[in-house]
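Structure first, commentary second.
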Amino acid sequence: MGFFKSIIDSFRKNEDKDKYLSGLDRSKKTFGDRIRALSNSFHGINDELLEEIMVILLESDVGINTAQKIVDRFEADAADIKKFDSMEDYLINVLYEFYQEEGDKEIQYNEEGPTVIFMVGVNGSGKTTTSAKLIQYYQNQGKKVAVAAADTFRAGAVDQIEEWANRLDAPCIKGKPNQDPSSVLVDACRYARENDIDILLCDTAGRLQNKANLMKELSKMSRVVKKEIETAPHEVWLVLDATTGQNGISQAKLFLEATDVTGIILTKMDGTAKGGVVLAIRDLLHIPVRFLGLGEKPEDLKPFDIGMFLIGITKGLEQDA
Ligand SMILES: Nc1nc2c(ncn2[C@@H]2O[C@H](COP(=O)(O)OP(=O)(O)OP(=O)(O)O)[C@@H](O)[C@H]2O)c(=O)[nH]1
Ligand SMILES: [Mg+2]
């Protein structure tokens with residue numbers, strides 16, 4: 001099977017595979033292991049099977065509407081099952097196709113100067129930790145990385161990111177407590193330009209109580225960085241806590257209305273069985289998932305790949321795959 005062999009081969013060759021496996025272990029138990037059991041006793045497609053698949057999708061937090069679409073697609077293309085070794089392989093293929101969408105953009109890097117990336121999201125979703133992880137990720141690619149501590153509201157927030165930056169030996173541009181976060185961003189952009197920084201990560205505050213506030217704050221931040229670096233912000237990444245599942249998606253919609261989110265980072269995947277939320281995000285928000293948080297350490301952030309993800313929550317590295 002061409003398609004299947006290729007995603008399994010790339011999984012095996014990928015240096016991130018062990019992290020994917022350990023981080024997705026819980027989701028594999030609720031999803032993959034149960035699909036495997038169904039697949040082993042597969043006697044053709046009937047209502048009972050479709051219902052079982054539906055339940056498994058719902059329990060991995062795909063959400064009712066998205067789960068229904070997947071089950072419909074599974075049923076509609078059922079003749080394709082013959083092309084696969086098992087029902088499980090066929091379902092993985094259905095999910096893979098489901099994730100594909102036209103018009104996804106690659107991450108936009110600024111060729112002419114610093115690439116400015118905003119990290120946005122609700123309280124505690126993992127913005128600061130993920131900013132730290134991204135420092136390491138880009139440093140490993142040989143990039144010069146700086147971070148702007150633009151969360152000036154929460155006591156301790158600046159210290160938190162500064163501590164990470166010190167540990168990872170990256171410059172941290174910060175303001176005074178309660179200073180306007182936009183003015184910190186102006187300083188950070190200037191610093192980045194003057195010091196040949198490749199990537200400027202902007203850690204923002206989580207608690208923006210209502211939509212009007214959020215819009216005002218985020219549009220001001222975009223406006224001020226544009227004055228310093230015309231094409232900025234190049235990316236706006238919405239950090240979502242995977243353990244909040246469907247609730248996280250409704251919060252996400254608020255951010256999408258307030259700013260041009262270009263990618264999703266899904267954190268705390270290691271602490272949840274709700275891996276199916278990836279499919280719901282795709283179906284409801286139509287924004288690509290850029291990275292997965294698979295643990296608390298700086299190296300626990302991995303670029304998202306749907307093939308890797310699906311193999312991680314289903315087959316893993318089984319011998320006969
Ligand atoms: N297990 C696990 N924990 C994570 C992950 N990402 C973040 N966390 C934890 O989540 C908690 C909150 O993370 P922060 O980075 O402080 O979240 P934040 O969005 O900056 O929070 P505010 O600044 O208060 O809005 C911390 O205890 C992190 O260690 C992850 O991928 N896996
Ligand atoms: Mg924070």
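To be explicit about the labels: the chains of the structure tokens are called A, B, and onward in the order shown, and within each one the residues are counted from 1, while ligands get numbers from 1 in the order they are shown.
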For Ile45 in chain A, list every protein, DNA or RNA residue within 10 Å, evaluated using only C-alpha atoms, and leave out those in the same chain fewer than 5 positions away; present the list as a PDB file with N, CA and C atoms, in the first residue's frame.
```pdb
ATOM      1  N   LEU A  50     -20.215   1.414  12.856  1.00  0.00           N
ATOM      2  CA  LEU A  50     -20.178   2.871  12.701  1.00  0.00           C
ATOM      3  C   LEU A  50     -20.414   3.550  14.052  1.00  0.00           C
ATOM      4  N   PHE A  74     -16.180   7.825   6.208  1.00  0.00           N
ATOM      5  CA  PHE A  74     -15.755   6.426   6.357  1.00  0.00           C
ATOM      6  C   PHE A  74     -16.740   5.517   5.616  1.00  0.00           C
ATOM      7  N   GLU A  75     -18.013   5.821   5.808  1.00  0.00           N
ATOM      8  CA  GLU A  75     -19.049   4.977   5.221  1.00  0.00           C
ATOM      9  C   GLU A  75     -19.119   5.181   3.706  1.00  0.00           C
ATOM     10  N   ALA A  78     -16.422   3.395   1.676  1.00  0.00           N
ATOM     11  CA  ALA A  78     -16.154   2.072   2.262  1.00  0.00           C
ATOM     12  C   ALA A  78     -15.565   1.069   1.275  1.00  0.00           C
ATOM     13  N   ALA A  79     -15.853   1.236  -0.011  1.00  0.00           N
ATOM     14  CA  ALA A  79     -15.304   0.285  -0.990  1.00  0.00           C
ATOM     15  C   ALA A  79     -13.776   0.286  -0.944  1.00  0.00           C
ATOM     16  N   ILE A  81     -11.919   0.104   1.504  1.00  0.00           N
ATOM     17  CA  ILE A  81     -11.369  -0.759   2.563  1.00  0.00           C
ATOM     18  C   ILE A  81     -10.570  -1.904   1.951  1.00  0.00           C
ATOM     19  N   MET A  87      -9.123  -2.603   8.593  1.00  0.00           N
ATOM     20  CA  MET A  87     -10.071  -1.502   8.761  1.00  0.00           C
ATOM     21  C   MET A  87      -9.365  -0.320   9.433  1.00  0.00           C
TER      22      MET A  87
END
```
Find the spatial neighbours of range 293-304 of chain A, counting only C-alpha atoms, within a cut-off of 6 Å - ignore same-chain residues fewer than 6 positions away - and output them as a PyMOL selection string.
chain A and resi 23+133+266-270
Can those selected residues be exported to a file as a PDB file, in the first residue's frame so that it contains C-alpha atoms?
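Written out: out04.pdb:
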```
ATOM      1  CA  GLY A  23       3.579  12.235  24.401  1.00  0.00           C
ATOM      2  CA  LYS A 133      10.653  25.736  23.840  1.00  0.00           C
ATOM      3  CA  LEU A 266      -1.457  22.498  20.927  1.00  0.00           C
ATOM      4  CA  THR A 267       0.141  22.072  24.344  1.00  0.00           C
ATOM      5  CA  LYS A 268      -0.080  19.430  27.077  1.00  0.00           C
ATOM      6  CA  MET A 269      -0.850  16.613  24.646  1.00  0.00           C
ATOM      7  CA  ASP A 270       1.120  14.367  26.993  1.00  0.00           C
TER       8      ASP A 270
END
```
Picked from range 67-254 of chain A by DSSP as strand (DSSP E), as a list in words:
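The residues of range 67-254 of chain A classed as strand (DSSP E) are Thr115, Val116, Ile117, Phe118, Met119, Val120, Val145, Ala146, Val147, Ala148, Ala149, Ala150, Cys172, Ile173, Lys174, Ile199, Leu200, Leu201, Cys202, Asp203, Thr204, Glu235, Val236, Trp237, Leu238, Val239, Leu240 and Asp241 of chain A.
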Selection above as a file: C-alpha atoms, as a PDB file, in the first residue's frame:
```
ATOM      1  CA  THR A 115      10.755  37.260  11.928  1.00  0.00           C
ATOM      2  CA  VAL A 116       8.284  38.450  14.548  1.00  0.00           C
ATOM      3  CA  ILE A 117       6.058  35.792  16.103  1.00  0.00           C
ATOM      4  CA  PHE A 118       3.236  36.624  18.523  1.00  0.00           C
ATOM      5  CA  MET A 119       2.228  33.997  21.044  1.00  0.00           C
ATOM      6  CA  VAL A 120      -1.398  34.493  22.066  1.00  0.00           C
ATOM      7  CA  VAL A 145      16.563  34.104  18.837  1.00  0.00           C
ATOM      8  CA  ALA A 146      15.302  36.797  21.223  1.00  0.00           C
ATOM      9  CA  VAL A 147      12.178  36.980  23.312  1.00  0.00           C
ATOM     10  CA  ALA A 148       9.973  39.931  24.253  1.00  0.00           C
ATOM     11  CA  ALA A 149       8.379  39.697  27.693  1.00  0.00           C
ATOM     12  CA  ALA A 150       5.163  41.434  26.687  1.00  0.00           C
ATOM     13  CA  CYS A 172      15.045  38.867  26.804  1.00  0.00           C
ATOM     14  CA  ILE A 173      13.611  42.346  26.209  1.00  0.00           C
ATOM     15  CA  LYS A 174      11.380  43.411  29.063  1.00  0.00           C
ATOM     16  CA  ILE A 199      13.439  35.147  15.335  1.00  0.00           C
ATOM     17  CA  LEU A 200      11.714  37.434  17.843  1.00  0.00           C
ATOM     18  CA  LEU A 201       9.191  35.570  19.993  1.00  0.00           C
ATOM     19  CA  CYS A 202       6.640  37.786  21.733  1.00  0.00           C
ATOM     20  CA  ASP A 203       5.139  36.266  24.874  1.00  0.00           C
ATOM     21  CA  THR A 204       1.856  38.036  25.576  1.00  0.00           C
ATOM     22  CA  GLU A 235       3.138  34.755  12.403  1.00  0.00           C
ATOM     23  CA  VAL A 236       0.513  34.805  15.168  1.00  0.00           C
ATOM     24  CA  TRP A 237       0.346  31.502  17.000  1.00  0.00           C
ATOM     25  CA  LEU A 238      -2.608  30.656  19.153  1.00  0.00           C
ATOM     26  CA  VAL A 239      -1.550  28.439  22.021  1.00  0.00           C
ATOM     27  CA  LEU A 240      -4.290  26.008  23.052  1.00  0.00           C
ATOM     28  CA  ASP A 241      -4.293  23.632  25.994  1.00  0.00           C
TER      29      ASP A 241
END
```
Do a neighbour search on Asn195 in chain A at 10 Å with only C-alpha atoms, toss out local chain neighbours closer than 5 positions, and write the hits as a VMD selection string.
chain A and resid 114 144 146 189 to 190
At a cut-off of 9 Å, using only C-alpha atoms, what residues contact Thr314 in chain A? Leave out same-chain residues fewer than 5 positions from it and give the result as a ChimeraX atom specification.
/A:27-29,31-33,35-36,88,92,309
So which residues touch range 213-223 of chain A within 6 Å, counting only C-alpha atoms, skipping near sequence neighbours fewer than 3 positions away, as JSON, numbers by chain?
{"A": [182, 208, 210, 226, 258]}
Show me a table, sorted first by chain and then by increasing residue number, of the residues of chain A having an atom at most 9 Å from ligand 2, each with its shortest atom pair and the distance in Å to one decimal, counting only C-alpha atoms and all ligand atoms and written as a Markdown table.
```
| residue | atom | partner | partner_atom_place_in_ligand_line | distance |
| --- | --- | --- | --- | --- |
| A:Asn123 | CA | ligand 2 | 1 (Mg) | 7.2 |
| A:Gly124 | CA | ligand 2 | 1 (Mg) | 6.6 |
| A:Ser125 | CA | ligand 2 | 1 (Mg) | 8.1 |
| A:Gly126 | CA | ligand 2 | 1 (Mg) | 6.7 |
| A:Lys127 | CA | ligand 2 | 1 (Mg) | 5.2 |
| A:Thr128 | CA | ligand 2 | 1 (Mg) | 4.1 |
| A:Thr129 | CA | ligand 2 | 1 (Mg) | 7.2 |
| A:Ser131 | CA | ligand 2 | 1 (Mg) | 8.9 |
| A:Ala149 | CA | ligand 2 | 1 (Mg) | 8.9 |
| A:Asp151 | CA | ligand 2 | 1 (Mg) | 6.7 |
| A:Arg154 | CA | ligand 2 | 1 (Mg) | 8.2 |
| A:Ala157 | CA | ligand 2 | 1 (Mg) | 5.7 |
| A:Val158 | CA | ligand 2 | 1 (Mg) | 8.3 |
| A:Gln160 | CA | ligand 2 | 1 (Mg) | 7.6 |
| A:Ile161 | CA | ligand 2 | 1 (Mg) | 7.6 |
| A:Asp203 | CA | ligand 2 | 1 (Mg) | 6.7 |
| A:Thr204 | CA | ligand 2 | 1 (Mg) | 6.8 |
| A:Ala205 | CA | ligand 2 | 1 (Mg) | 6.1 |
| A:Gly206 | CA | ligand 2 | 1 (Mg) | 6.7 |
```
Convert the current residue selection to file output with C-alpha atoms, as a PDB file, in the first residue's frame.
```pdb
ATOM      1  CA  ASN A 123      -4.403  32.093  30.797  1.00  0.00           C
ATOM      2  CA  GLY A 124      -2.273  29.107  31.476  1.00  0.00           C
ATOM      3  CA  SER A 125      -2.513  27.610  27.994  1.00  0.00           C
ATOM      4  CA  GLY A 126       1.266  27.382  27.806  1.00  0.00           C
ATOM      5  CA  LYS A 127       2.396  30.545  25.965  1.00  0.00           C
ATOM      6  CA  THR A 128       5.443  31.247  28.104  1.00  0.00           C
ATOM      7  CA  THR A 129       6.632  27.647  28.291  1.00  0.00           C
ATOM      8  CA  SER A 131       8.038  30.491  23.875  1.00  0.00           C
ATOM      9  CA  ALA A 149       8.379  39.697  27.693  1.00  0.00           C
ATOM     10  CA  ASP A 151       3.103  40.005  29.537  1.00  0.00           C
ATOM     11  CA  ARG A 154       0.893  39.254  35.803  1.00  0.00           C
ATOM     12  CA  ALA A 157       5.378  36.637  34.233  1.00  0.00           C
ATOM     13  CA  VAL A 158       8.454  38.601  33.180  1.00  0.00           C
ATOM     14  CA  GLN A 160       9.304  33.384  34.234  1.00  0.00           C
ATOM     15  CA  ILE A 161      10.286  34.067  30.624  1.00  0.00           C
ATOM     16  CA  ASP A 203       5.139  36.266  24.874  1.00  0.00           C
ATOM     17  CA  THR A 204       1.856  38.036  25.576  1.00  0.00           C
ATOM     18  CA  ALA A 205      -0.546  38.145  28.525  1.00  0.00           C
ATOM     19  CA  GLY A 206      -3.375  35.658  28.840  1.00  0.00           C
TER      20      GLY A 206
END
```
Neighbouring residues of Leu95 in chain A were defined as those with any atom within 10 Å, considering only C-alpha atoms; residues of the same chain fewer than 4 positions away were excluded. Please report them as an NGL selection string.
:A and (70-71 or 73-74 or 89-91 or 99-100 or 279 or 306-307 or 310)
Excluding Asp196 in chain A and any residue of its chain fewer than 2 positions from it, enumerate the residues within 8 Å of it, using only C-alpha atoms, and give them as a VMD selection string.
chain A and resid 113 to 114 144 192 to 194 198
Which one of A:Val94, A:Ala212, A:Ile197, A:Leu185 sits closest to Thr259 in chain A if you count only C-alpha atoms?
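Among the listed residues, A:Ala212 lies closest to Thr259 in chain A.
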For the atom pair atom 26 (C, counted along the ligand's line) of ligand 1 and CA of Glu162 in chain A, what is the interatomic distance in Å to one decimal place?
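Separating atom 26 (C, counted along the ligand's line) of ligand 1 from CA of Glu162 in chain A is a distance of 14.9 Å.
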Please, which residues of range 189-250 of chain A, numbered as in this document, come out helix (DSSP H, G or I) from DSSP, as a ChimeraX atom specification?
/A:189-194,211-228,242-250
Written file, previous selection with N, CA and C atoms, as a CSV table (one decimal), in the first residue's frame:
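Everything below was put into part01.csv:
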```
chain,number,residue,atom,x,y,z
A,189,CYS,N,11.5,45.0,18.9
A,189,CYS,CA,11.7,45.1,17.5
A,189,CYS,C,13.0,45.8,17.2
A,190,ARG,N,13.2,46.9,17.9
A,190,ARG,CA,14.4,47.7,17.6
A,190,ARG,C,15.7,46.9,18.0
A,191,TYR,N,15.6,46.3,19.1
A,191,TYR,CA,16.7,45.4,19.5
A,191,TYR,C,17.0,44.4,18.5
A,192,ALA,N,15.9,43.7,18.0
A,192,ALA,CA,16.1,42.6,17.1
A,192,ALA,C,16.7,43.1,15.8
A,193,ARG,N,16.3,44.3,15.3
A,193,ARG,CA,16.8,44.8,14.1
A,193,ARG,C,18.3,45.2,14.2
A,194,GLU,N,18.6,45.8,15.4
A,194,GLU,CA,20.0,46.3,15.6
A,194,GLU,C,21.0,45.1,15.9
A,211,LYS,N,-13.9,40.5,24.6
A,211,LYS,CA,-13.5,40.5,23.2
A,211,LYS,C,-13.1,41.9,22.8
A,212,ALA,N,-13.7,42.9,23.3
A,212,ALA,CA,-13.4,44.3,22.9
A,212,ALA,C,-11.9,44.6,23.4
A,213,ASN,N,-11.6,44.2,24.6
A,213,ASN,CA,-10.3,44.4,25.2
A,213,ASN,C,-9.2,43.7,24.4
A,214,LEU,N,-9.6,42.4,24.1
A,214,LEU,CA,-8.7,41.6,23.4
A,214,LEU,C,-8.3,42.2,22.0
A,215,MET,N,-9.4,42.6,21.3
A,215,MET,CA,-9.2,43.1,20.0
A,215,MET,C,-8.3,44.4,20.0
A,216,LYS,N,-8.7,45.2,21.0
A,216,LYS,CA,-7.9,46.5,21.1
A,216,LYS,C,-6.4,46.2,21.4
A,217,GLU,N,-6.2,45.3,22.3
A,217,GLU,CA,-4.8,45.0,22.7
A,217,GLU,C,-4.0,44.4,21.5
A,218,LEU,N,-4.6,43.4,20.9
A,218,LEU,CA,-3.9,42.7,19.8
A,218,LEU,C,-3.7,43.6,18.6
A,219,SER,N,-4.7,44.4,18.3
A,219,SER,CA,-4.5,45.2,17.1
A,219,SER,C,-3.5,46.3,17.4
A,220,LYS,N,-3.5,46.8,18.6
A,220,LYS,CA,-2.4,47.8,18.9
A,220,LYS,C,-1.0,47.2,18.8
A,221,MET,N,-0.9,46.0,19.3
A,221,MET,CA,0.4,45.3,19.2
A,221,MET,C,0.8,45.1,17.7
A,222,SER,N,-0.1,44.7,16.9
A,222,SER,CA,0.2,44.5,15.5
A,222,SER,C,0.6,45.9,14.9
A,223,ARG,N,-0.1,46.9,15.2
A,223,ARG,CA,0.1,48.2,14.6
A,223,ARG,C,1.5,48.7,15.0
A,224,VAL,N,1.9,48.6,16.2
A,224,VAL,CA,3.2,49.1,16.7
A,224,VAL,C,4.3,48.4,16.1
A,225,VAL,N,4.2,47.0,16.0
A,225,VAL,CA,5.4,46.3,15.4
A,225,VAL,C,5.5,46.6,13.9
A,226,LYS,N,4.4,46.9,13.3
A,226,LYS,CA,4.5,47.2,11.8
A,226,LYS,C,5.3,48.5,11.6
A,227,LYS,N,5.1,49.4,12.5
A,227,LYS,CA,5.9,50.6,12.4
A,227,LYS,C,7.4,50.4,12.4
A,228,GLU,N,7.8,49.4,13.2
A,228,GLU,CA,9.2,49.1,13.3
A,228,GLU,C,9.7,48.1,12.2
A,242,ALA,N,-4.5,21.4,25.1
A,242,ALA,CA,-5.3,20.2,24.6
A,242,ALA,C,-6.1,19.6,25.6
A,243,THR,N,-5.8,19.7,26.9
A,243,THR,CA,-6.6,19.1,27.9
A,243,THR,C,-8.0,19.7,28.1
A,244,THR,N,-8.1,20.9,27.5
A,244,THR,CA,-9.4,21.6,27.6
A,244,THR,C,-10.3,21.2,26.4
A,245,GLY,N,-9.8,20.4,25.5
A,245,GLY,CA,-10.6,19.9,24.4
A,245,GLY,C,-11.5,20.8,23.7
A,246,GLN,N,-12.8,20.5,23.7
A,246,GLN,CA,-13.8,21.3,22.9
A,246,GLN,C,-13.9,22.7,23.5
A,247,ASN,N,-13.8,22.8,24.8
A,247,ASN,CA,-13.9,24.2,25.4
A,247,ASN,C,-12.8,25.1,24.9
A,248,GLY,N,-11.6,24.6,24.7
A,248,GLY,CA,-10.5,25.3,24.2
A,248,GLY,C,-10.9,25.9,22.8
A,249,ILE,N,-11.6,25.1,22.0
A,249,ILE,CA,-12.0,25.6,20.7
A,249,ILE,C,-12.9,26.8,20.7
A,250,SER,N,-13.8,26.8,21.7
A,250,SER,CA,-14.7,28.0,21.7
A,250,SER,C,-13.9,29.2,22.1
```
Residue with smallest distance to Ser86 in chain A - pool A:Tyr109, A:Phe255, A:Phe153, A:Phe4, counting only C-alpha atoms:
A:Phe4
